[in-house]
Each structure stands twice: as C-alpha cells, then as structure tokens.
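Peer 1: Contents of my_file05.cif (mmCIF, C-alpha atoms and all ligand atoms):
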```
data_structure
#
loop_
_atom_site.group_PDB
_atom_site.id
_atom_site.type_symbol
_atom_site.label_atom_id
_atom_site.label_comp_id
_atom_site.auth_asym_id
_atom_site.auth_seq_id
_atom_site.Cartn_x
_atom_site.Cartn_y
_atom_site.Cartn_z
ATOM 1 C CA MET A 1180 115.229 66.881 115.255
ATOM 2 C CA THR A 1181 116.684 70.090 113.884
ATOM 3 C CA GLU A 1182 115.431 73.295 115.372
ATOM 4 C CA PRO A 1183 114.492 76.256 113.177
ATOM 5 C CA ILE A 1184 117.096 78.919 112.434
ATOM 6 C CA PHE A 1185 116.031 82.542 112.735
ATOM 7 C CA ARG A 1186 117.783 85.200 110.698
ATOM 8 C CA TYR A 1187 117.025 87.917 113.241
ATOM 9 C CA HIS A 1188 117.445 85.864 116.408
ATOM 10 C CA PRO A 1189 120.265 83.380 115.800
ATOM 11 C CA ASP A 1190 120.428 81.745 119.242
ATOM 12 C CA PRO A 1191 117.216 82.106 121.276
ATOM 13 C CA VAL A 1192 118.477 79.670 123.940
ATOM 14 C CA ALA A 1193 121.613 81.752 124.538
ATOM 15 C CA THR A 1194 119.614 85.004 124.754
ATOM 16 C CA GLY A 1195 117.218 83.502 127.319
ATOM 17 C CA SER A 1196 114.162 83.626 125.028
ATOM 18 C CA ALA A 1197 113.945 79.834 124.854
ATOM 19 C CA SER A 1198 115.057 76.968 127.021
ATOM 20 C CA ARG A 1199 115.970 73.353 126.457
ATOM 21 C CA ALA A 1200 112.987 71.568 127.941
ATOM 22 C CA GLU A 1201 111.056 68.659 126.503
ATOM 23 C CA HIS A 1202 107.440 69.691 126.173
ATOM 24 C CA ASP A 1203 104.311 69.173 124.119
ATOM 25 C CA CYS A 1204 103.743 72.355 122.167
ATOM 26 C CA GLY A 1205 100.356 73.910 122.941
ATOM 27 C CA VAL A 1206 99.943 74.969 119.305
ATOM 28 C CA CYS A 1207 101.109 72.030 117.148
ATOM 29 C CA GLY A 1208 100.834 69.333 119.829
ATOM 30 C CA MET A 1209 104.225 67.889 118.899
ATOM 31 C CA ARG A 1210 106.815 66.806 121.436
ATOM 32 C CA ARG A 1211 109.617 69.373 121.161
ATOM 33 C CA GLN A 1212 113.001 69.866 122.780
ATOM 34 C CA ILE A 1213 113.145 73.650 122.905
ATOM 35 C CA ARG A 1214 110.473 75.763 124.487
ATOM 36 C CA TYR A 1215 109.875 79.447 123.826
ATOM 37 C CA ILE A 1216 109.783 81.478 127.046
ATOM 38 C CA GLY A 1217 109.754 85.012 125.625
ATOM 39 C CA PRO A 1218 106.761 87.341 125.341
ATOM 40 C CA VAL A 1219 103.607 86.597 123.328
ATOM 41 C CA TYR A 1220 101.395 89.550 122.427
ATOM 42 C CA GLY A 1221 98.221 87.527 122.086
ATOM 43 C CA ARG A 1222 96.696 84.554 123.881
ATOM 44 C CA GLN A 1223 99.224 82.865 126.153
ATOM 45 C CA PRO A 1224 99.944 79.264 125.132
ATOM 46 C CA ASP A 1225 100.595 76.623 127.816
ATOM 47 C CA SER A 1226 103.758 75.887 125.953
ATOM 48 C CA LEU A 1227 105.156 76.932 122.590
ATOM 49 C CA CYS A 1228 107.802 75.537 120.257
ATOM 50 C CA LEU A 1229 110.088 77.447 117.904
ATOM 51 C CA HIS A 1230 108.729 75.629 114.834
ATOM 52 C CA CYS A 1231 105.303 77.198 115.358
ATOM 53 C CA ILE A 1232 106.862 80.647 115.668
ATOM 54 C CA GLN A 1233 108.792 80.249 112.436
ATOM 55 C CA SER A 1234 105.885 78.837 110.416
ATOM 56 C CA GLY A 1235 103.499 81.570 111.547
ATOM 57 C CA GLU A 1236 101.117 78.997 113.037
ATOM 58 C CA ALA A 1237 101.643 80.427 116.510
ATOM 59 C CA SER A 1238 100.945 83.954 115.304
ATOM 60 C CA SER A 1239 97.675 82.910 113.634
ATOM 61 C CA THR A 1240 96.535 80.506 116.356
ATOM 62 C CA LEU A 1241 97.283 82.787 119.280
ATOM 63 C CA GLY A 1242 95.821 85.869 117.651
ATOM 64 C CA VAL A 1243 93.053 87.623 119.491
ATOM 65 C CA SER A 1244 89.832 87.771 117.528
ATOM 66 C CA VAL A 1245 88.182 91.122 117.319
ATOM 67 C CA GLU A 1246 84.521 90.967 118.286
ATOM 68 C CA GLY A 1247 82.152 91.305 115.340
ATOM 69 C CA ASP A 1248 85.059 91.098 112.930
ATOM 70 C CA GLU A 1249 86.177 87.456 113.010
ATOM 71 C CA GLU A 1250 87.824 87.786 109.595
ATOM 72 C CA SER A 1251 90.426 90.308 110.516
ATOM 73 C CA GLY A 1252 91.295 89.093 113.998
ATOM 74 C CA MET A 1253 94.574 90.364 115.300
ATOM 75 C CA LEU A 1254 97.605 88.195 114.768
ATOM 76 C CA ALA A 1255 99.789 87.451 117.751
ATOM 77 C CA MET A 1256 103.252 88.990 117.798
ATOM 78 C CA PHE A 1257 106.434 88.156 119.684
ATOM 79 C CA SER A 1258 107.933 91.629 119.673
ATOM 80 C CA ASP A 1259 106.584 95.076 119.078
ATOM 81 C CA ALA A 1260 107.351 97.210 116.023
ATOM 82 C CA VAL A 1261 108.526 100.568 117.334
ATOM 83 C CA ASP A 1262 110.448 103.284 115.489
ATOM 84 C CA VAL A 1263 110.930 101.208 112.341
ATOM 85 C CA PRO A 1264 113.030 103.193 109.842
ATOM 86 C CA ASP A 1265 111.336 104.064 106.521
ATOM 87 C CA ASP A 1266 113.824 102.031 104.473
ATOM 88 C CA VAL A 1267 112.882 98.734 106.145
ATOM 89 C CA PRO A 1268 110.383 96.714 104.061
ATOM 90 C CA MET A 1269 107.133 95.631 105.732
ATOM 91 C CA SER A 1270 108.033 92.016 104.983
ATOM 92 C CA VAL A 1271 111.012 92.357 107.340
ATOM 93 C CA VAL A 1272 108.845 93.823 110.092
ATOM 94 C CA ASP A 1273 106.390 90.966 109.587
ATOM 95 C CA GLU A 1274 109.212 88.416 109.776
ATOM 96 C CA ILE A 1275 110.539 89.938 113.012
ATOM 97 C CA THR A 1276 107.276 90.535 114.835
ATOM 98 C CA ARG A 1277 105.349 87.391 113.764
ATOM 99 C CA HIS A 1278 107.918 84.740 112.802
ATOM 100 C CA THR A 1279 110.850 85.429 115.136
ATOM 101 C CA PRO A 1280 111.187 84.747 118.878
ATOM 102 C CA GLY A 1281 110.986 87.980 120.856
ATOM 103 C CA PHE A 1282 112.797 88.842 124.046
ATOM 104 C CA THR A 1283 111.821 89.992 127.480
ATOM 105 C CA ALA A 1284 112.932 93.484 128.442
ATOM 106 C CA TRP A 1285 112.345 95.351 131.682
ATOM 107 C CA GLN A 1286 110.433 97.963 129.769
ATOM 108 C CA GLN A 1287 110.197 97.998 125.997
ATOM 109 C CA ASP A 1288 111.413 95.238 123.737
ATOM 110 C CA SER A 1289 111.973 97.319 120.620
ATOM 111 C CA TRP A 1290 113.889 95.643 117.820
ATOM 112 C CA LEU A 1291 116.754 97.515 116.218
ATOM 113 C CA TYR A 1292 117.285 98.052 112.497
ATOM 114 C CA HIS A 1293 120.291 99.044 110.404
ATOM 115 C CA CYS A 1294 121.214 99.218 106.707
ATOM 116 C CA GLY A 1295 117.546 98.930 105.717
ATOM 117 C CA ASP A 1296 117.060 95.600 107.474
ATOM 118 C CA GLY A 1297 116.363 94.195 110.917
ATOM 119 C CA ALA A 1298 119.426 93.518 113.041
ATOM 120 C CA ALA A 1299 120.215 90.178 114.684
ATOM 121 C CA TYR A 1300 119.430 90.083 118.391
ATOM 122 C CA LEU A 1301 122.415 88.817 120.381
ATOM 123 C CA GLY A 1302 120.944 89.059 123.863
ATOM 124 C CA PRO A 1303 120.871 91.150 127.022
ATOM 125 C CA ALA A 1304 124.134 92.836 127.852
ATOM 126 C CA GLY A 1305 125.837 94.528 130.771
ATOM 127 C CA TYR A 1306 128.745 96.953 130.652
ATOM 128 C CA ARG A 1307 131.232 94.085 130.398
ATOM 129 C CA GLU A 1308 129.571 92.558 127.320
ATOM 130 C CA LEU A 1309 129.127 95.963 125.683
ATOM 131 C CA GLN A 1310 132.816 96.765 125.834
ATOM 132 C CA ALA A 1311 133.359 94.367 122.954
ATOM 133 C CA PHE A 1312 131.010 96.596 120.890
ATOM 134 C CA PRO A 1313 132.317 100.182 121.084
ATOM 135 C CA GLU A 1314 129.804 101.388 118.452
ATOM 136 C CA ALA A 1315 126.970 100.083 120.618
ATOM 137 C CA LEU A 1316 128.317 101.995 123.614
ATOM 138 C CA ALA A 1317 128.650 105.109 121.467
ATOM 139 C CA MET A 1318 125.028 104.695 120.421
ATOM 140 C CA LEU A 1319 123.894 104.595 124.058
ATOM 141 C CA ARG A 1320 125.975 107.691 124.886
ATOM 142 C CA GLU A 1321 124.312 109.532 121.996
ATOM 143 C CA ASP A 1322 120.886 108.528 123.277
ATOM 144 C CA HIS A 1323 121.759 109.899 126.715
ATOM 145 C CA GLN A 1324 122.963 113.166 125.209
ATOM 146 C CA ARG A 1325 119.654 113.522 123.450
ATOM 147 C CA TYR A 1326 117.958 113.121 126.827
ATOM 148 C CA GLY A 1327 120.194 115.881 128.200
ATOM 149 C CA TRP A 1328 122.294 113.671 130.465
ATOM 150 C CA THR A 1329 125.734 114.909 131.476
ATOM 151 C CA GLN A 1330 128.735 112.813 130.540
ATOM 152 C CA PRO A 1331 129.335 111.571 134.123
ATOM 153 C CA GLU A 1332 125.647 110.616 134.389
ATOM 154 C CA SER A 1333 125.933 108.697 131.173
ATOM 155 C CA GLU A 1334 129.138 106.881 132.204
ATOM 156 C CA ASP A 1335 127.684 106.011 135.625
ATOM 157 C CA PHE A 1336 124.645 104.553 133.937
ATOM 158 C CA LEU A 1337 126.681 102.545 131.433
ATOM 159 C CA ARG A 1338 128.803 101.068 134.242
ATOM 160 C CA SER A 1339 125.657 100.054 136.115
ATOM 161 C CA LEU A 1340 124.329 98.020 133.179
ATOM 162 C CA ASP A 1341 123.966 94.393 134.142
ATOM 163 C CA ARG A 1342 123.194 91.410 131.930
ATOM 164 C CA GLU A 1343 121.114 89.790 134.695
ATOM 165 C CA GLY A 1344 119.715 92.790 136.531
ATOM 166 C CA GLU A 1345 118.301 96.225 135.977
ATOM 167 C CA PRO A 1346 119.204 98.316 134.029
ATOM 168 C CA THR A 1347 120.038 96.125 131.064
ATOM 169 C CA ALA A 1348 121.087 96.883 127.521
ATOM 170 C CA TYR A 1349 119.947 94.763 124.556
ATOM 171 C CA LEU A 1350 122.608 93.979 122.029
ATOM 172 C CA PHE A 1351 122.100 93.575 118.275
ATOM 173 C CA ARG A 1352 124.395 93.279 115.283
ATOM 174 C CA CYS A 1353 123.713 94.582 111.797
ATOM 175 C CA LEU A 1354 123.500 91.692 109.331
ATOM 176 C CA HIS A 1355 125.058 93.827 106.582
ATOM 177 C CA CYS A 1356 127.806 96.101 107.971
ATOM 178 C CA GLY A 1357 128.366 94.133 111.192
ATOM 179 C CA MET A 1358 127.968 97.158 113.424
ATOM 180 C CA GLY A 1359 127.052 96.518 117.054
ATOM 181 C CA LEU A 1360 123.820 98.211 118.145
ATOM 182 C CA ALA A 1361 122.214 98.503 121.544
ATOM 183 C CA SER A 1362 118.953 99.600 123.065
ATOM 184 C CA TRP A 1363 118.443 100.150 126.764
ATOM 185 C CA ASP A 1364 115.773 100.448 129.372
ATOM 186 C CA ILE A 1365 115.125 104.012 130.310
ATOM 187 C CA GLY A 1366 115.603 103.726 134.065
HETATM 188 ZN ZN ZN A 1401 104.593 73.916 118.012
HETATM 189 ZN ZN ZN A 1402 124.508 98.229 109.065
#
```
In structure tokens, write the structure found in this file.
Peer 2:
Amino acid sequence: MTEPIFRYHPDPVATGSASRAEHDCGVCGMRRQIRYIGPVYGRQPDSLCLHCIQSGEASSTLGVSVEGDEESGMLAMFSDAVDVPDDVPMSVVDEITRHTPGFTAWQQDSWLYHCGDGAAYLGPAGYRELQAFPEALAMLREDHQRYGWTQPESEDFLRSLDREGEPTAYLFRCLHCGMGLASWDIG
C-alpha cells in the first residue's frame, strides 16, 4: 500500500519521525506498515499511522476537548507554530501543524519558513551533515551573534553538533529557492 507523501516532511522514516513497523493504527484501526513516532500535542494514541496524520483524522480524533465547550475542542498538532513569518498563509501553518508529521527536538521543535512558505524538514543534523549546507551554517552563526556569542564560541558549538546526540541542529530546505536552513537547540 502506498504511504502518504508530505510536502513539508518528505521522508519521515529517514528523519526518525516514523519507523517501519507493522501495527494497527489506534485512530483508523487499519493495519499499517509505517508508524509515526514523533510528538503529538494532544491525546497520545497507542499507535498512529501516517494516513491519519495526512487526512486530519488524527488531529481531530486526538484533540483535547475543552470542558464546557465541546464544540471548539482543541485540535491535536504534531509540531508547534512558533515565529511564523507574516507572509506565510494560515493554510500552510495548518498543513504543517495538523497534517504533517512533526519531529522530536531536545527543546523546541519549531518549523522553519522561507520564501513565504514552510520549508521541507530534512532531519536532525550534526556538523558533518551541515557542511553540505553552508547557508544553514551561516544562519546558525548569525543566530549566535544575535545572542552575543564570540566567534570561537560559535565555532566550538557548531563543531559539537551531533546528529544523534545533544546539541543537535534541525535541517530544512526551502521548497522555492532551495536554500538550506537550520534551527538548533539552545544549549
Ligand atoms: Zn490511521
Ligand atoms: Zn527560499
């Protein structure tokens, strides 16, 4: 059976947000081959398939109902919407937070945006992976400068980035201009 394709998260198995494991989805009850293992901001399902994330069924089903206001219960999300630029339409934010697999970060799993759209999440990255994306490294250096870090502090930090350990960077690519983008855990 074909698995859903996500514009903003092209390969959730490669990024570690999903794993190949036969399971019965706790939302649709179907036997599925790929299981979502990323965060759910809502009720935690026993098991969740990617189809239910894409269709929005997971977001509606796992939403937390607000007491006394059953109508407008909160919808579950798979990533948080933080620092969304003004030129990004709400429909994109909705697609990313409610219909796209999220990812687990040590601290904050904020999605990145570029060219008025969400960027595609490529996965956690260490210094080695980031070297293929000089613009992403430049972006991290700029962030550090804003925090008042010295250049040696910044370079030491970048070299300590580890795909598997802490600290980790999170790599994205703009779907329009192709620029590499990265966020990082503030250690
Ligand atoms: Zn399902
Ligand atoms: Zn761009």
Peer 1: Considering only C-alpha atoms, can you say which of A:Gln1330, A:Pro1303, A:Pro1224, A:Ser1362 comes closest to Asp1262 (chain A)?
Peer 2: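 Of all the options, A:Ser1362 lies closest to Asp1262 (chain A).
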Peer 1: Could you tell me which residues the PyMOL selection byres (((not hetatm)) within 6 of (chain A and resi 1401)) grabs in this file, written as a PyMOL selection string?
Peer 2: chain A and resi 1204+1206-1207+1227-1228+1230-1231
Peer 1: Find the residues near ligand ZN 1402 (chain A). Use a cut-off of 7 Å, count only C-alpha atoms and all ligand atoms, and write them as a list in words.
Peer 2: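 The residues near ligand ZN 1402 (chain A) are His1293, Cys1294, Cys1353, Leu1354, His1355, Cys1356, Gly1357 and Met1358 of chain A.
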Peer 1: Name the closest residue to Glu1182 (chain A) among the candidates A:Val1263, A:Gln1212, A:Gln1287, A:Pro1280; distances are taken between atoms, counting all atoms listed in the file.
Peer 2: A:Gln1212
Peer 1: May I ask for the distance between CA of Arg1352 (chain A) and CA of Thr1276 (chain A), given in Å to one decimal place?
Peer 2: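 Separation of CA of Arg1352 (chain A) and CA of Thr1276 (chain A): 17.3 Å.
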Peer 1: Given the PyMOL selection byres (((chain A and resi 1297) around 10) and not hetatm) and the file above, list the residues it selects as a PyMOL selection string.
Peer 2: chain A and resi 1186-1187+1263-1264+1267-1268+1271-1272+1274-1275+1290-1296+1298-1300+1351-1355
Peer 1: Compare A:Met1253, A:Ala1348, A:Met1269, A:Val1243 by their minimum atom-to-atom distance to Phe1312 (chain A), counting all atoms listed in the file, and give me the closest one.
Peer 2: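 Closest candidate: A:Ala1348.
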Peer 1: Would you work out the distance separating CA of Pro1189 (chain A) from CA of Phe1282 (chain A), expressed in Å to one decimal?
Peer 2: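 Straight-line distance from CA of Pro1189 (chain A) to CA of Phe1282 (chain A) works out to 12.4 Å.
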Peer 1: Tell me, counting all atoms listed in the file, for each residue of region 1246-1346 of chain A within 10 Å of region 1218-1222 of chain A, which pair of atoms is nearest and how far apart they are in Å to one decimal, in rows ordered by chain and increasing number, as a tab-separated table.
Peer 2:
```
residue	atom	partner	partner_atom	distance
A:Met1253	CA	A:Gly1221	CA	8.2
A:Leu1254	CA	A:Gly1221	CA	7.4
A:Ala1255	CA	A:Gly1221	CA	4.6
A:Met1256	CA	A:Tyr1220	CA	5.0
A:Phe1257	CA	A:Val1219	CA	4.9
A:Ser1258	CA	A:Pro1218	CA	7.2
A:Asp1259	CA	A:Tyr1220	CA	8.3
A:Thr1276	CA	A:Tyr1220	CA	9.7
A:Arg1277	CA	A:Val1219	CA	9.8
A:Pro1280	CA	A:Pro1218	CA	8.3
A:Gly1281	CA	A:Pro1218	CA	6.2
A:Phe1282	CA	A:Pro1218	CA	6.4
A:Thr1283	CA	A:Pro1218	CA	6.1
A:Ala1284	CA	A:Pro1218	CA	9.2
A:Asp1288	CA	A:Pro1218	CA	9.3
```
Peer 1: Could you write out as a PyMOL selection string the residues that the PyMOL selection byres (((chain A and resi 1361) around 7) and not hetatm) matches in the shown file?
Peer 2: chain A and resi 1315+1318-1319+1348-1351+1359-1360+1362-1363
Peer 1: Would you mind reading off the distance between CA of Arg1214 (chain A) and CA of Gly1242 (chain A), one decimal, in Å?
Peer 2: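 CA of Arg1214 (chain A) sits 19.1 Å away from CA of Gly1242 (chain A).
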Peer 1: Considering all atoms listed in the file, return as a ChimeraX atom specification whatever protein or nucleic-acid residues lie within 6 Å of region 1335-1345 of chain A, sequence-local ones (same chain, fewer than 6 positions apart) excluded.
Peer 2: /A:1303-1306
Peer 1: From the list A:Glu1201, A:Glu1236, A:Asp1322, A:Asp1225, which residue is nearest His1278 (chain A) when using all atoms listed in the file?
Peer 2: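 Closest to His1278 (chain A), using all atoms listed in the file: A:Glu1236.
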Peer 1: May I ask which of the residues A:Pro1331, A:Pro1313, A:Pro1346, A:Gly1302 is the closest one to Gln1286 (chain A), counting all atoms listed in the file?
Peer 2: A:Pro1346
